[in-house]
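**Student:** Contents of final_12.cif (mmCIF, C-alpha atoms and all ligand atoms):
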data_structure
loop_
_atom_site.group_PDB
_atom_site.id
_atom_site.type_symbol
_atom_site.label_atom_id
_atom_site.label_comp_id
_atom_site.auth_asym_id
_atom_site.auth_seq_id
_atom_site.Cartn_x
_atom_site.Cartn_y
_atom_site.Cartn_z
ATOM 1 C CA MET A 1 0.000 0.000 0.000
ATOM 2 C CA ILE A 2 2.785 2.387 1.031
ATOM 3 C CA TRP A 3 4.702 1.510 -2.117
ATOM 4 C CA LYS A 4 1.616 2.176 -4.177
ATOM 5 C CA MET A 5 1.288 5.625 -2.562
ATOM 6 C CA VAL A 6 4.973 6.338 -3.161
ATOM 7 C CA ALA A 7 4.548 5.364 -6.812
ATOM 8 C CA VAL A 8 1.525 7.645 -7.200
ATOM 9 C CA ASN A 9 3.400 10.519 -5.551
ATOM 10 C CA LEU A 10 6.366 9.937 -7.823
ATOM 11 C CA LEU A 11 4.092 10.007 -10.846
ATOM 12 C CA ILE A 12 2.608 13.307 -9.666
ATOM 13 C CA ILE A 13 6.104 14.735 -9.187
ATOM 14 C CA VAL A 14 7.090 13.589 -12.699
ATOM 15 C CA LEU A 15 3.964 15.207 -14.189
ATOM 16 C CA ILE A 16 4.514 18.474 -12.304
ATOM 17 C CA THR A 17 8.179 18.551 -13.309
ATOM 18 C CA ALA A 18 7.281 17.834 -16.931
ATOM 19 C CA HIS A 19 4.850 20.763 -16.884
ATOM 20 C CA ALA A 20 7.228 23.140 -15.136
ATOM 21 C CA GLY A 21 10.001 22.111 -17.539
ATOM 22 C CA GLU A 22 7.973 23.016 -20.626
ATOM 23 C CA PRO A 23 9.686 23.285 -23.970
ATOM 24 C CA VAL A 24 13.157 24.233 -22.863
ATOM 25 C CA ARG A 25 16.029 23.149 -25.032
ATOM 26 C CA SER A 26 18.482 20.935 -23.158
ATOM 27 C CA GLY A 27 21.343 22.831 -21.606
ATOM 28 C CA GLN A 28 19.363 26.074 -21.421
ATOM 29 C CA PHE A 29 18.145 27.347 -18.084
ATOM 30 C CA PRO A 30 14.434 28.297 -18.249
ATOM 31 C CA ILE A 31 13.482 31.931 -18.643
ATOM 32 C CA VAL A 32 10.180 33.635 -17.874
ATOM 33 C CA ASP A 33 9.729 36.694 -20.070
ATOM 34 C CA ALA A 34 8.166 39.071 -17.552
ATOM 35 C CA HIS A 35 7.540 41.997 -19.895
ATOM 36 C CA GLY A 36 5.758 41.215 -23.176
ATOM 37 C CA HIS A 37 3.071 42.872 -25.270
ATOM 38 C CA ILE A 38 0.443 41.881 -27.788
ATOM 39 C CA GLY A 39 -1.294 43.650 -30.645
ATOM 40 C CA ALA A 40 -3.623 42.376 -33.377
ATOM 41 C CA SER A 41 -0.818 42.174 -35.980
ATOM 42 C CA PHE A 42 1.504 39.982 -33.899
ATOM 43 C CA ASN A 43 2.291 36.598 -35.446
ATOM 44 C CA VAL A 44 1.464 34.324 -32.536
ATOM 45 C CA THR A 45 2.876 31.173 -34.120
ATOM 46 C CA LYS A 46 6.227 32.946 -34.477
ATOM 47 C CA ILE A 47 6.177 34.148 -30.851
ATOM 48 C CA VAL A 48 5.635 30.587 -29.607
ATOM 49 C CA GLU A 49 8.324 29.308 -31.972
ATOM 50 C CA TYR A 50 10.836 31.873 -30.664
ATOM 51 C CA MET A 51 9.951 31.091 -27.064
ATOM 52 C CA ASP A 52 10.368 27.331 -27.606
ATOM 53 C CA LYS A 53 13.643 27.745 -29.466
ATOM 54 C CA ASN A 54 15.094 30.044 -26.822
ATOM 55 C CA GLY A 55 13.984 28.317 -23.633
ATOM 56 C CA VAL A 56 11.317 30.832 -22.663
ATOM 57 C CA SER A 57 8.724 28.849 -20.718
ATOM 58 C CA LYS A 58 6.236 31.646 -20.007
ATOM 59 C CA GLN A 59 5.502 35.212 -20.965
ATOM 60 C CA ILE A 60 3.628 38.055 -19.268
ATOM 61 C CA VAL A 61 1.535 39.798 -21.939
ATOM 62 C CA MET A 62 0.129 43.299 -21.852
ATOM 63 C CA ALA A 63 -2.141 44.455 -24.658
ATOM 64 C CA ARG A 64 -0.921 47.564 -26.459
ATOM 65 C CA ALA A 65 -4.072 49.477 -27.346
ATOM 66 C CA TYR A 66 -2.222 52.453 -28.825
ATOM 67 C CA PRO A 67 -2.383 52.477 -32.613
ATOM 68 C CA GLY A 68 0.770 51.388 -34.470
ATOM 69 C CA LYS A 69 2.170 53.180 -37.500
ATOM 70 C CA ASP A 70 -0.065 51.364 -40.019
ATOM 71 C CA ASP A 71 -1.941 48.109 -40.696
ATOM 72 C CA SER A 72 1.232 46.110 -40.094
ATOM 73 C CA ASP A 73 0.998 47.030 -36.413
ATOM 74 C CA LEU A 74 -2.641 47.062 -35.343
ATOM 75 C CA PRO A 75 -3.488 47.604 -31.667
ATOM 76 C CA GLY A 76 -4.739 44.873 -29.355
ATOM 77 C CA ASP A 77 -6.959 44.588 -26.309
ATOM 78 C CA ASP A 78 -7.397 42.494 -23.183
ATOM 79 C CA GLN A 79 -9.604 40.000 -25.016
ATOM 80 C CA LEU A 80 -6.752 39.291 -27.391
ATOM 81 C CA ALA A 81 -4.340 38.749 -24.492
ATOM 82 C CA LEU A 82 -6.850 36.452 -22.821
ATOM 83 C CA LYS A 83 -7.382 34.462 -26.023
ATOM 84 C CA LEU A 84 -3.626 33.998 -26.330
ATOM 85 C CA ALA A 85 -3.475 32.670 -22.762
ATOM 86 C CA GLU A 86 -6.366 30.294 -23.399
ATOM 87 C CA THR A 87 -4.922 29.039 -26.676
ATOM 88 C CA TYR A 88 -1.555 28.239 -25.089
ATOM 89 C CA PRO A 89 -2.268 27.235 -21.486
ATOM 90 C CA GLY A 90 0.631 27.776 -19.140
ATOM 91 C CA ARG A 91 2.594 29.869 -21.634
ATOM 92 C CA PHE A 92 1.002 33.355 -21.604
ATOM 93 C CA TYR A 93 -0.242 35.317 -18.590
ATOM 94 C CA PRO A 94 -2.273 38.464 -19.356
ATOM 95 C CA LEU A 95 -2.312 41.663 -17.333
ATOM 96 C CA VAL A 96 -5.141 44.168 -17.644
ATOM 97 C CA GLY A 97 -3.522 46.453 -20.238
ATOM 98 C CA MET A 98 -3.019 50.147 -19.535
ATOM 99 C CA GLN A 99 -1.416 51.347 -22.758
ATOM 100 C CA ARG A 100 -4.636 53.014 -23.780
ATOM 101 C CA PRO A 101 -5.398 56.236 -25.665
ATOM 102 C CA LEU A 102 -7.975 56.834 -22.933
ATOM 103 C CA LEU A 103 -5.195 57.552 -20.422
ATOM 104 C CA THR A 104 -3.371 60.161 -22.503
ATOM 105 C CA GLY A 105 -3.322 63.469 -20.654
ATOM 106 C CA ALA A 106 -2.257 64.248 -17.083
ATOM 107 C CA HIS A 107 -5.758 65.513 -16.230
ATOM 108 C CA LYS A 108 -7.082 61.927 -16.655
ATOM 109 C CA TRP A 109 -4.687 60.883 -13.896
ATOM 110 C CA THR A 110 -5.376 63.670 -11.444
ATOM 111 C CA ALA A 111 -9.168 63.781 -11.872
ATOM 112 C CA PRO A 112 -10.534 60.608 -13.492
ATOM 113 C CA ASP A 113 -13.531 61.364 -15.749
ATOM 114 C CA ALA A 114 -16.499 59.057 -16.389
ATOM 115 C CA ALA A 115 -14.599 57.015 -19.002
ATOM 116 C CA VAL A 116 -11.657 56.466 -16.640
ATOM 117 C CA GLU A 117 -14.048 55.527 -13.829
ATOM 118 C CA ALA A 118 -15.547 52.928 -16.184
ATOM 119 C CA LEU A 119 -12.038 51.615 -16.892
ATOM 120 C CA ILE A 120 -11.385 51.217 -13.158
ATOM 121 C CA ARG A 121 -14.653 49.285 -12.759
ATOM 122 C CA GLN A 122 -13.902 47.058 -15.765
ATOM 123 C CA THR A 123 -10.414 46.389 -14.415
ATOM 124 C CA GLU A 124 -11.867 45.251 -11.134
ATOM 125 C CA SER A 125 -14.240 42.801 -12.797
ATOM 126 C CA LYS A 126 -11.409 41.424 -14.962
ATOM 127 C CA LEU A 127 -9.262 40.886 -11.863
ATOM 128 C CA ALA A 128 -12.205 39.282 -10.076
ATOM 129 C CA SER A 129 -12.444 36.738 -12.914
ATOM 130 C CA GLY A 130 -9.043 35.386 -11.825
ATOM 131 C CA LYS A 131 -7.862 35.336 -15.449
ATOM 132 C CA PHE A 132 -5.552 38.353 -15.214
ATOM 133 C CA PHE A 133 -2.269 38.415 -13.312
ATOM 134 C CA GLY A 134 -1.614 42.109 -12.855
ATOM 135 C CA ILE A 135 -2.283 45.604 -14.185
ATOM 136 C CA GLY A 136 -0.052 47.496 -16.609
ATOM 137 C CA GLU A 137 1.937 48.757 -18.196
ATOM 138 C CA PHE A 138 1.093 52.213 -16.865
ATOM 139 C CA ILE A 139 2.741 54.783 -19.134
ATOM 140 C CA VAL A 140 3.819 57.412 -16.667
ATOM 141 C CA ARG A 141 6.604 58.738 -18.857
ATOM 142 C CA HIS A 142 7.135 57.958 -22.537
ATOM 143 C CA TRP A 143 9.634 59.400 -24.943
ATOM 144 C CA ALA A 144 8.371 59.830 -28.472
ATOM 145 C CA TYR A 145 9.891 57.613 -31.138
ATOM 146 C CA SER A 146 7.015 58.119 -33.576
ATOM 147 C CA PRO A 147 4.618 60.962 -34.385
ATOM 148 C CA GLY A 148 1.148 61.143 -32.853
ATOM 149 C CA ARG A 149 -0.556 62.484 -29.778
ATOM 150 C CA HIS A 150 0.203 59.450 -27.597
ATOM 151 C CA ALA A 151 3.913 59.400 -28.418
ATOM 152 C CA GLU A 152 5.314 61.702 -25.737
ATOM 153 C CA GLN A 153 3.825 61.455 -22.274
ATOM 154 C CA ASP A 154 4.550 62.720 -18.805
ATOM 155 C CA ASN A 155 1.861 61.786 -16.304
ATOM 156 C CA PRO A 156 1.737 62.262 -12.536
ATOM 157 C CA ILE A 157 2.512 59.086 -10.618
ATOM 158 C CA TYR A 158 1.276 60.413 -7.300
ATOM 159 C CA SER A 159 -2.244 60.883 -8.556
ATOM 160 C CA GLU A 160 -5.808 59.807 -7.932
ATOM 161 C CA LEU A 161 -5.604 57.285 -10.791
ATOM 162 C CA MET A 162 -2.528 55.535 -9.413
ATOM 163 C CA ARG A 163 -3.872 55.558 -5.857
ATOM 164 C CA ARG A 164 -7.111 53.918 -7.017
ATOM 165 C CA PHE A 165 -5.313 51.244 -9.021
ATOM 166 C CA SER A 166 -2.886 50.623 -6.146
ATOM 167 C CA VAL A 167 -5.795 49.793 -3.849
ATOM 168 C CA LEU A 168 -7.283 47.497 -6.501
ATOM 169 C CA ALA A 169 -3.972 45.693 -7.047
ATOM 170 C CA ALA A 170 -3.602 45.069 -3.306
ATOM 171 C CA LYS A 171 -7.198 43.824 -3.046
ATOM 172 C CA TYR A 172 -6.661 41.221 -5.789
ATOM 173 C CA ASP A 173 -3.051 40.485 -4.791
ATOM 174 C CA VAL A 174 -1.559 41.286 -8.220
ATOM 175 C CA PRO A 175 1.353 43.562 -9.185
ATOM 176 C CA MET A 176 1.257 46.807 -11.156
ATOM 177 C CA VAL A 177 3.805 47.357 -13.937
ATOM 178 C CA ILE A 178 4.853 50.988 -14.146
ATOM 179 C CA ARG A 179 7.008 52.727 -16.656
ATOM 180 C CA TYR A 180 9.453 55.564 -15.995
ATOM 181 C CA PRO A 181 8.305 57.722 -13.166
ATOM 182 C CA THR A 182 10.851 60.518 -13.419
ATOM 183 C CA LEU A 183 9.788 61.968 -10.094
ATOM 184 C CA VAL A 184 11.192 59.353 -7.759
ATOM 185 C CA ALA A 185 10.039 61.291 -4.676
ATOM 186 C CA ASP A 186 6.418 61.098 -5.882
ATOM 187 C CA PHE A 187 6.786 57.400 -6.690
ATOM 188 C CA SER A 188 8.207 56.812 -3.196
ATOM 189 C CA LYS A 189 5.164 58.490 -1.687
ATOM 190 C CA LEU A 190 2.820 56.181 -3.620
ATOM 191 C CA ILE A 191 4.774 53.051 -2.621
ATOM 192 C CA ALA A 192 4.986 54.089 1.023
ATOM 193 C CA GLU A 193 1.237 54.644 1.232
ATOM 194 C CA ASN A 194 0.443 51.292 -0.385
ATOM 195 C CA HIS A 195 2.779 48.833 1.287
ATOM 196 C CA SER A 196 0.553 45.852 0.379
ATOM 197 C CA THR A 197 0.773 46.634 -3.348
ATOM 198 C CA ARG A 198 3.564 45.040 -5.417
ATOM 199 C CA TYR A 199 5.034 47.567 -7.860
ATOM 200 C CA VAL A 200 7.109 46.438 -10.835
ATOM 201 C CA TRP A 201 9.220 49.360 -11.986
ATOM 202 C CA ALA A 202 9.838 48.554 -15.650
ATOM 203 C CA HIS A 203 13.062 48.913 -17.669
ATOM 204 C CA ASN A 204 15.624 48.394 -14.925
ATOM 205 C CA CYS A 205 13.692 50.587 -12.534
ATOM 206 C CA GLY A 206 12.987 53.365 -15.011
ATOM 207 C CA CYS A 207 16.509 53.169 -16.515
ATOM 208 C CA SER A 208 17.674 54.734 -13.267
ATOM 209 C CA LYS A 209 21.215 54.885 -11.972
ATOM 210 C CA ALA A 210 22.354 52.136 -9.618
ATOM 211 C CA GLU A 211 22.431 54.306 -6.490
ATOM 212 C CA VAL A 212 18.828 55.488 -7.022
ATOM 213 C CA ILE A 213 17.638 51.910 -7.529
ATOM 214 C CA ARG A 214 19.549 50.714 -4.448
ATOM 215 C CA SER A 215 18.046 53.448 -2.320
ATOM 216 C CA LEU A 216 14.455 52.626 -3.320
ATOM 217 C CA LEU A 217 14.836 48.842 -3.127
ATOM 218 C CA SER A 218 16.351 49.212 0.361
ATOM 219 C CA ARG A 219 13.438 51.305 1.541
ATOM 220 C CA PHE A 220 10.555 49.393 -0.043
ATOM 221 C CA PRO A 221 10.194 45.590 0.144
ATOM 222 C CA ASN A 222 7.104 45.840 -2.125
ATOM 223 C CA LEU A 223 9.134 47.266 -5.029
ATOM 224 C CA PHE A 224 10.462 45.091 -7.890
ATOM 225 C CA CYS A 225 12.053 45.821 -11.265
ATOM 226 C CA ASP A 226 11.969 44.247 -14.689
ATOM 227 C CA LEU A 227 14.761 44.519 -17.215
ATOM 228 C CA GLY A 228 12.238 44.930 -20.053
ATOM 229 C CA GLY A 229 14.064 45.712 -23.298
ATOM 230 C CA MET A 230 17.298 46.631 -21.506
ATOM 231 C CA THR A 231 19.603 44.529 -23.706
ATOM 232 C CA ASN A 232 21.890 46.669 -25.821
ATOM 233 C CA VAL A 233 21.513 44.643 -29.013
ATOM 234 C CA THR A 234 18.949 46.509 -31.086
ATOM 235 C CA THR A 235 17.261 49.878 -31.065
ATOM 236 C CA GLY A 236 15.626 49.704 -27.675
ATOM 237 C CA TYR A 237 15.819 51.213 -24.220
ATOM 238 C CA GLY A 238 18.906 49.130 -23.534
ATOM 239 C CA SER A 239 20.789 51.179 -26.107
ATOM 240 C CA GLY A 240 19.508 54.536 -24.919
ATOM 241 C CA PHE A 241 16.869 54.701 -27.675
ATOM 242 C CA PRO A 242 15.123 57.008 -28.398
ATOM 243 C CA ARG A 243 17.038 59.303 -26.039
ATOM 244 C CA LYS A 244 18.870 59.390 -22.768
ATOM 245 C CA GLU A 245 18.303 61.860 -19.989
ATOM 246 C CA GLU A 246 20.259 63.054 -17.008
ATOM 247 C CA PHE A 247 18.760 60.434 -14.683
ATOM 248 C CA THR A 248 19.040 57.421 -17.030
ATOM 249 C CA SER A 249 21.557 54.631 -17.240
ATOM 250 C CA LEU A 250 22.119 51.515 -19.346
ATOM 251 C CA ILE A 251 22.854 48.089 -17.851
ATOM 252 C CA GLU A 252 25.443 46.623 -20.224
ATOM 253 C CA ARG A 253 27.850 47.177 -23.080
ATOM 254 C CA SER A 254 28.703 44.510 -25.682
ATOM 255 C CA GLY A 255 27.137 41.781 -23.572
ATOM 256 C CA VAL A 256 28.974 42.682 -20.364
ATOM 257 C CA LEU A 257 27.004 43.953 -17.356
ATOM 258 C CA PHE A 258 28.241 47.213 -15.893
ATOM 259 C CA PRO A 259 29.840 46.369 -12.506
ATOM 260 C CA GLU A 260 27.481 48.629 -10.542
ATOM 261 C CA MET A 261 24.434 46.881 -12.056
ATOM 262 C CA LYS A 262 25.910 43.433 -11.499
ATOM 263 C CA SER A 263 26.481 44.233 -7.803
ATOM 264 C CA LEU A 264 22.935 45.541 -7.540
ATOM 265 C CA TYR A 265 21.463 42.319 -8.939
ATOM 266 C CA GLU A 266 23.572 40.230 -6.524
ATOM 267 C CA GLU A 267 22.597 42.502 -3.639
ATOM 268 C CA PHE A 268 18.853 42.242 -4.416
ATOM 269 C CA PRO A 269 18.503 38.845 -6.137
ATOM 270 C CA ASP A 270 14.773 38.592 -5.332
ATOM 271 C CA ARG A 271 13.759 41.857 -6.971
ATOM 272 C CA PHE A 272 14.637 41.658 -10.684
ATOM 273 C CA MET A 273 13.127 39.878 -13.692
ATOM 274 C CA VAL A 274 13.968 39.806 -17.407
ATOM 275 C CA GLY A 275 11.682 40.879 -20.255
ATOM 276 C CA THR A 276 11.889 41.326 -24.015
ATOM 277 C CA ASP A 277 9.392 44.195 -24.297
ATOM 278 C CA VAL A 278 8.495 43.755 -27.953
ATOM 279 C CA ALA A 279 5.616 46.226 -28.203
ATOM 280 C CA HIS A 280 5.201 46.386 -32.002
ATOM 281 C CA ALA A 281 4.601 43.536 -34.446
ATOM 282 C CA PRO A 282 7.503 44.434 -36.801
ATOM 283 C CA SER A 283 9.909 44.417 -33.812
ATOM 284 C CA MET A 284 9.235 40.735 -33.139
ATOM 285 C CA ARG A 285 12.337 40.113 -35.253
ATOM 286 C CA PHE A 286 14.367 41.329 -32.246
ATOM 287 C CA TYR A 287 12.916 38.746 -29.861
ATOM 288 C CA GLU A 288 15.530 36.030 -30.203
ATOM 289 C CA GLY A 289 18.465 38.427 -30.077
ATOM 290 C CA ARG A 290 17.196 39.966 -26.863
ATOM 291 C CA ILE A 291 16.727 36.588 -25.161
ATOM 292 C CA ARG A 292 20.161 35.416 -26.302
ATOM 293 C CA ARG A 293 21.704 38.578 -24.863
ATOM 294 C CA PHE A 294 19.824 38.114 -21.578
ATOM 295 C CA ARG A 295 21.326 34.626 -21.346
ATOM 296 C CA GLU A 296 24.820 36.062 -21.812
ATOM 297 C CA LEU A 297 24.163 38.677 -19.116
ATOM 298 C CA LEU A 298 22.593 36.200 -16.677
ATOM 299 C CA GLU A 299 25.624 33.905 -17.086
ATOM 300 C CA GLN A 300 27.681 36.635 -15.389
ATOM 301 C CA LEU A 301 25.700 36.274 -12.162
ATOM 302 C CA SER A 302 25.983 33.667 -9.419
ATOM 303 C CA PRO A 303 23.887 30.535 -10.146
ATOM 304 C CA GLU A 304 21.454 31.369 -7.363
ATOM 305 C CA THR A 305 20.860 34.949 -8.541
ATOM 306 C CA ARG A 306 20.645 33.795 -12.154
ATOM 307 C CA THR A 307 17.850 31.271 -11.454
ATOM 308 C CA LYS A 308 15.897 33.857 -9.504
ATOM 309 C CA ILE A 309 16.149 36.631 -12.102
ATOM 310 C CA ALA A 310 15.649 34.294 -15.055
ATOM 311 C CA GLU A 311 12.607 32.503 -13.713
ATOM 312 C CA GLN A 312 11.789 32.236 -10.015
ATOM 313 C CA ASN A 313 11.097 35.897 -9.250
ATOM 314 C CA ALA A 314 8.534 36.224 -12.045
ATOM 315 C CA LEU A 315 6.728 33.074 -10.886
ATOM 316 C CA ARG A 316 6.544 34.470 -7.357
ATOM 317 C CA ILE A 317 5.814 38.169 -8.053
ATOM 318 C CA PHE A 318 3.064 37.479 -10.615
ATOM 319 C CA LYS A 319 1.913 34.311 -8.782
ATOM 320 C CA LEU A 320 1.994 32.317 -12.004
ATOM 321 C CA ALA A 321 1.631 28.955 -10.316
ATOM 322 C CA ARG A 322 -1.851 29.655 -9.044
HETATM 323 ZN ZN ZN B 401 6.608 47.635 -22.338
#
Can you turn what I pasted into structure tokens?
Ligand SMILES: [Zn+2]
**Tutor:**
Amino acid sequence: MIWKMVAVNLLIIVLITAHAGEPVRSGQFPIVDAHGHIGASFNVTKIVEYMDKNGVSKQIVMARAYPGKDDSDLPGDDQLALKLAETYPGRFYPLVGMQRPLLTGAHKWTAPDAAVEALIRQTESKLASGKFFGIGEFIVRHWAYSPGRHAEQDNPIYSELMRRFSVLAAKYDVPMVIRYPTLVADFSKLIAENHSTRYVWAHNCGCSKAEVIRSLLSRFPNLFCDLGGMTNVTTGYGSGFPRKEEFTSLIERSGVLFPEMKSLYEEFPDRFMVGTDVAHAPSMRFYEGRIRRFRELLEQLSPETRTKIAEQNALRIFKLAR
């Protein structure tokens, strides 16, 4: 009887391991891509092919509802992200997307109008469904790399909108992904007032300098960072595209981590995640190069830190195992 139970338990362990292992090429450590996007023009078959080929077991997806430059880059919505997750169970995890034309304009953040109120209500019902794993990406600051009224943005992070969403995120125990708050003091105020909310500060903590990141991570245990698009292999944030500012910093040069960033990752191994951040369908051609570069960078870290940043932190922060 005992042996029978042991055998059953072993079988369960084998099944769980097989699932957790997912299509990862032998010799490659698994990666969870914690910062991905989806739009209607994305070639889903290609995304899955690239993930399989490059040992990416799972991807966080955020719908980009901003229009692209033409029909080759149509916008998406939460339904599309959900459909992707349902089509490939265990591979894609949707967040309630916040890259929306509706949120363009600082006044929408300070004094939500009826349409924004409706968005907050819809977000709550999506989170209540249990099918979404977070909220974001909130475009606090965006530097224009294309024409159009949504291209350049500078929105207040310490605002009614962000306070409301912070409460919602804590209630449903999901993180918020936030992009580039330039006013770190205001961001600190928001984090301090919402200590039960998990904040993911995208793009190596807003492309900030190591000492700024260290200071915030030391003060706030509910703050995390993704390295979305921070590889310096293509035109992307990791190369300083579309521009650099006084407060920004890169993380690597020619596949070598800057020493101050490497120390930071070793000092806070539980706080960082990787992400490809392909936000436009034509840029999907960069996917493999970015993952390959992340592997090179992660190889420079201790094995324990590498496993956490490559995979474990994303599973824990987004609660992907639920
Ligand atoms: Zn992004």
**Student:** Report as a list in words which protein, DNA and RNA residues come within 7 Å of ligand ZN 401 (chain B), using all atoms listed in the file.
**Tutor:**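 Selection of residues at most 7 Å from ligand ZN 401 (chain B): His35, Gly36, His37, Glu137, Gly228, Asp277 and Ala279 of chain A.
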**Student:** Would you mind telling me which residue in A:Lys244, A:Lys53, A:Arg64, A:Arg163 lies nearest to A:Val278 when using only C-alpha atoms?
**Tutor:**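 Nearest to A:Val278: A:Arg64.
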**Student:** Which protein, DNA or RNA residues have an atom at most 10 Å from (23.8, 39.2, -24.5), counting only C-alpha atoms? List them as a short mmCIF file (atom, residue, chain, number, x, y, z; two decimals) with C-alpha atoms, in the coordinates of the input.
**Tutor:**
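Saved as point.cif:
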data_model
loop_
_atom_site.label_atom_id
_atom_site.label_comp_id
_atom_site.auth_asym_id
_atom_site.auth_seq_id
_atom_site.Cartn_x
_atom_site.Cartn_y
_atom_site.Cartn_z
CA THR A 231 19.60 44.53 -23.71
CA ASN A 232 21.89 46.67 -25.82
CA VAL A 233 21.51 44.64 -29.01
CA GLU A 252 25.44 46.62 -20.22
CA ARG A 253 27.85 47.18 -23.08
CA SER A 254 28.70 44.51 -25.68
CA GLY A 255 27.14 41.78 -23.57
CA VAL A 256 28.97 42.68 -20.36
CA LEU A 257 27.00 43.95 -17.36
CA GLY A 289 18.46 38.43 -30.08
CA ARG A 290 17.20 39.97 -26.86
CA ILE A 291 16.73 36.59 -25.16
CA ARG A 292 20.16 35.42 -26.30
CA ARG A 293 21.70 38.58 -24.86
CA PHE A 294 19.82 38.11 -21.58
CA ARG A 295 21.33 34.63 -21.35
CA GLU A 296 24.82 36.06 -21.81
CA LEU A 297 24.16 38.68 -19.12
CA LEU A 298 22.59 36.20 -16.68
CA GLU A 299 25.62 33.90 -17.09
#
**Student:** Do a neighbour search on stretch 111-114 of chain A at 10 Å with only C-alpha atoms, toss out local chain neighbours closer than 4 positions, and write the hits as a ChimeraX atom specification.
**Tutor:** /A:103,106-107,118-120,159-161,164
**Student:** Distance atom CA of A:Met261-atom CA of A:Gly134, one decimal place?
**Tutor:**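 Atom CA of A:Met261 sits 26.5 Å away from atom CA of A:Gly134.
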**Student:** Please provide as a list in words all residues within 12 Å of A:Val212, with the sequence filter that same-chain residues fewer than 5 positions apart are discarded (counting only C-alpha atoms).
**Tutor:** Thr182, Leu183, Val184, Ala185, Ser188, Asn204, Cys205, Gly206, Cys207, Leu217, Ser218, Arg219, Phe247, Thr248, Ser249, Glu260, Met261 and Leu264 of chain A
**Student:** Nearest residue to A:Ala202 out of A:Lys308, A:Arg179, A:His142, A:Arg100, using all atoms listed in the file?
**Tutor:**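 Counting all atoms listed in the file, the residue closest to A:Ala202 is A:Arg179.
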**Student:** Determine, counting only C-alpha atoms, which protein, DNA and RNA residues have an atom within 12 Å of an atom of A:Asp71; residues of the same chain fewer than 6 positions away are not included. Present the result as a PyMOL selection string.
**Tutor:** chain A and resi 39-42+280-282
**Student:** Point out the residue among A:Ser263, A:Asn54, A:Thr234, A:Gln312 with the least atom-to-atom distance to A:Arg285, counting only C-alpha atoms.
**Tutor:**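 Counting only C-alpha atoms, the residue closest to A:Arg285 is A:Thr234.
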**Student:** Using all atoms listed in the file, pick whichever of A:Val116, A:Leu102, A:Val177, A:Leu315 has the shortest atom-to-atom distance to A:Gly136.
**Tutor:**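 Nearest to A:Gly136: A:Val177.
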**Student:** With all atoms listed in the file as the counted atoms, please give the residues lying no more than 8 Å from A:Asp270, apart from itself and same-chain residues fewer than 3 positions off, as a list in words.
**Tutor:** Thr305, Lys308, Ile309 and Asn313 of chain A
